[in-house]
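A.B. asks: The structure that follows is given in the form of structure tokens.
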Amino acid sequence: FVHYYAMLAYLRRGDVEGAAVEARRLAQRLERDGVGGEDPDDRSLRAALRYLTGAVFEAAGDLEDAGVAYRNAERLARGEAAIPD
């Protein structure tokens with residue numbers, strides 16, 4: 001959750017670009033660690049984190065990365081595997 005909290009801290013300070021850097025780090029970590037097995041709670045958490053990274057990317061104006069993050073969040077919420085970023 002280090003990148004999650006760092007993202008929130010940057011957003012609280014109004015630094016969207018700094019938050020986007022942390023969102024990128026979080027997205028890379030989620031991709032590297034995979035989908036976390038078949039645990040539905042884990043998939044739900046990962047889906048929420050992917051959605052959050054998408055919102056931060058969107059706020060930073062990075063619409064391509066936001067779209068990928070939103071698609072991954074949707075896939076995980078449906079119980080499917082995320083696609084590579």
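Each chain of the structure tokens is named A, B, ... in the order shown, its residues numbered from 1; ligands are numbered from 1 in display order.
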Find the residues of stretch 13-63 of chain A that sit at most 12 Å from stretch 74-83 of chain A; for each, write down the nearest two atoms and how far apart they are in Å, to one decimal. Count only C-alpha atoms. Sort by chain, then by number going up, and give it as CSV.

C.D. replies:
```
residue,atom,partner,partner_atom,distance
A:Ala27,CA,A:Ala82,CA,11.1
A:Leu30,CA,A:Ala82,CA,9.5
A:Glu31,CA,A:Ala82,CA,8.0
A:Arg32,CA,A:Ala82,CA,11.2
A:Asp33,CA,A:Ala82,CA,11.2
A:Gly34,CA,A:Ala82,CA,8.0
A:Val35,CA,A:Ala81,CA,6.4
A:Gly36,CA,A:Ala81,CA,9.7
A:Gly37,CA,A:Ala81,CA,9.7
A:Glu38,CA,A:Gly79,CA,8.4
A:Asp39,CA,A:Gly79,CA,9.7
A:Pro40,CA,A:Gly79,CA,7.6
A:Asp41,CA,A:Ala77,CA,10.2
A:Asp42,CA,A:Leu76,CA,9.6
A:Arg43,CA,A:Leu76,CA,5.9
A:Ser44,CA,A:Ala77,CA,6.1
A:Leu45,CA,A:Ala77,CA,9.2
A:Arg46,CA,A:Leu76,CA,7.2
A:Ala47,CA,A:Leu76,CA,5.3
A:Ala48,CA,A:Ala77,CA,8.4
A:Leu49,CA,A:Leu76,CA,10.5
A:Arg50,CA,A:Glu74,CA,8.8
A:Tyr51,CA,A:Glu74,CA,8.2
A:Leu52,CA,A:Glu74,CA,12.0
A:Gly54,CA,A:Glu74,CA,11.2
```

A.B. asks: Go ahead and dump the residues you just picked, C-alpha atoms, as a PDB file, in the first residue's frame.

C.D. replies:
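Writing done, so here's result.pdb:
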```
ATOM      1  CA  ALA A  27       0.125  -0.385 -11.800  1.00  0.00           C
ATOM      2  CA  LEU A  30      -0.057  -5.038  -9.714  1.00  0.00           C
ATOM      3  CA  GLU A  31       1.005  -6.326 -13.120  1.00  0.00           C
ATOM      4  CA  ARG A  32       4.199  -7.896 -11.769  1.00  0.00           C
ATOM      5  CA  ASP A  33       2.398  -9.646  -8.927  1.00  0.00           C
ATOM      6  CA  GLY A  34      -0.340 -11.046 -11.189  1.00  0.00           C
ATOM      7  CA  VAL A  35      -3.987 -11.440 -10.288  1.00  0.00           C
ATOM      8  CA  GLY A  36      -3.391 -12.986  -6.880  1.00  0.00           C
ATOM      9  CA  GLY A  37      -4.915 -16.400  -7.420  1.00  0.00           C
ATOM     10  CA  GLU A  38      -8.600 -17.128  -7.262  1.00  0.00           C
ATOM     11  CA  ASP A  39      -9.393 -15.285  -4.026  1.00  0.00           C
ATOM     12  CA  PRO A  40     -12.406 -13.043  -4.832  1.00  0.00           C
ATOM     13  CA  ASP A  41     -11.449 -10.557  -2.099  1.00  0.00           C
ATOM     14  CA  ASP A  42      -8.000 -10.175  -3.607  1.00  0.00           C
ATOM     15  CA  ARG A  43      -9.472  -9.651  -7.070  1.00  0.00           C
ATOM     16  CA  SER A  44     -11.863  -7.032  -5.693  1.00  0.00           C
ATOM     17  CA  LEU A  45      -9.010  -5.148  -4.041  1.00  0.00           C
ATOM     18  CA  ARG A  46      -6.920  -5.289  -7.203  1.00  0.00           C
ATOM     19  CA  ALA A  47      -9.886  -4.118  -9.277  1.00  0.00           C
ATOM     20  CA  ALA A  48     -10.388  -1.149  -6.937  1.00  0.00           C
ATOM     21  CA  LEU A  49      -6.689  -0.267  -7.077  1.00  0.00           C
ATOM     22  CA  ARG A  50      -6.700  -0.506 -10.890  1.00  0.00           C
ATOM     23  CA  TYR A  51      -9.736   1.790 -10.993  1.00  0.00           C
ATOM     24  CA  LEU A  52      -7.990   4.268  -8.705  1.00  0.00           C
ATOM     25  CA  GLY A  54      -7.165   4.957 -13.878  1.00  0.00           C
TER      26      GLY A  54
END
```

A.B. asks: Could you pull out the residues in chain A that DSSP calls helix (DSSP H, G or I) from the backbone, as an MDAnalysis selection string?

C.D. replies: chainID A and resid 2:12 16:33 40:59 63:77

A.B. asks: Measuring atom to atom with only C-alpha atoms, identify which of A:Leu11, A:Leu26, A:Val21, A:Val16 is nearest to A:Ala60.

C.D. replies: A:Val16

A.B. asks: Which residue out of A:Ala20, A:Ala55, A:Ala9, A:Val2 has the minimum interatomic distance to A:Ala73 when only C-alpha atoms are used?

C.D. replies: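 Checking each candidate against A:Ala73, we get A:Ala55 as the closest.
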
A.B. asks: Looking at only C-alpha atoms, which of A:Arg29, A:Asp15, A:Phe57, A:His3 is the one that sits closest to A:Tyr70?

C.D. replies: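 Counting only C-alpha atoms, the residue closest to A:Tyr70 is A:Phe57.
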
A.B. asks: Using Å and a single decimal, report how far atom CA of A:Gly18 sits from atom CA of A:Asn72.

C.D. replies: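 It comes out at 22.1 Å.
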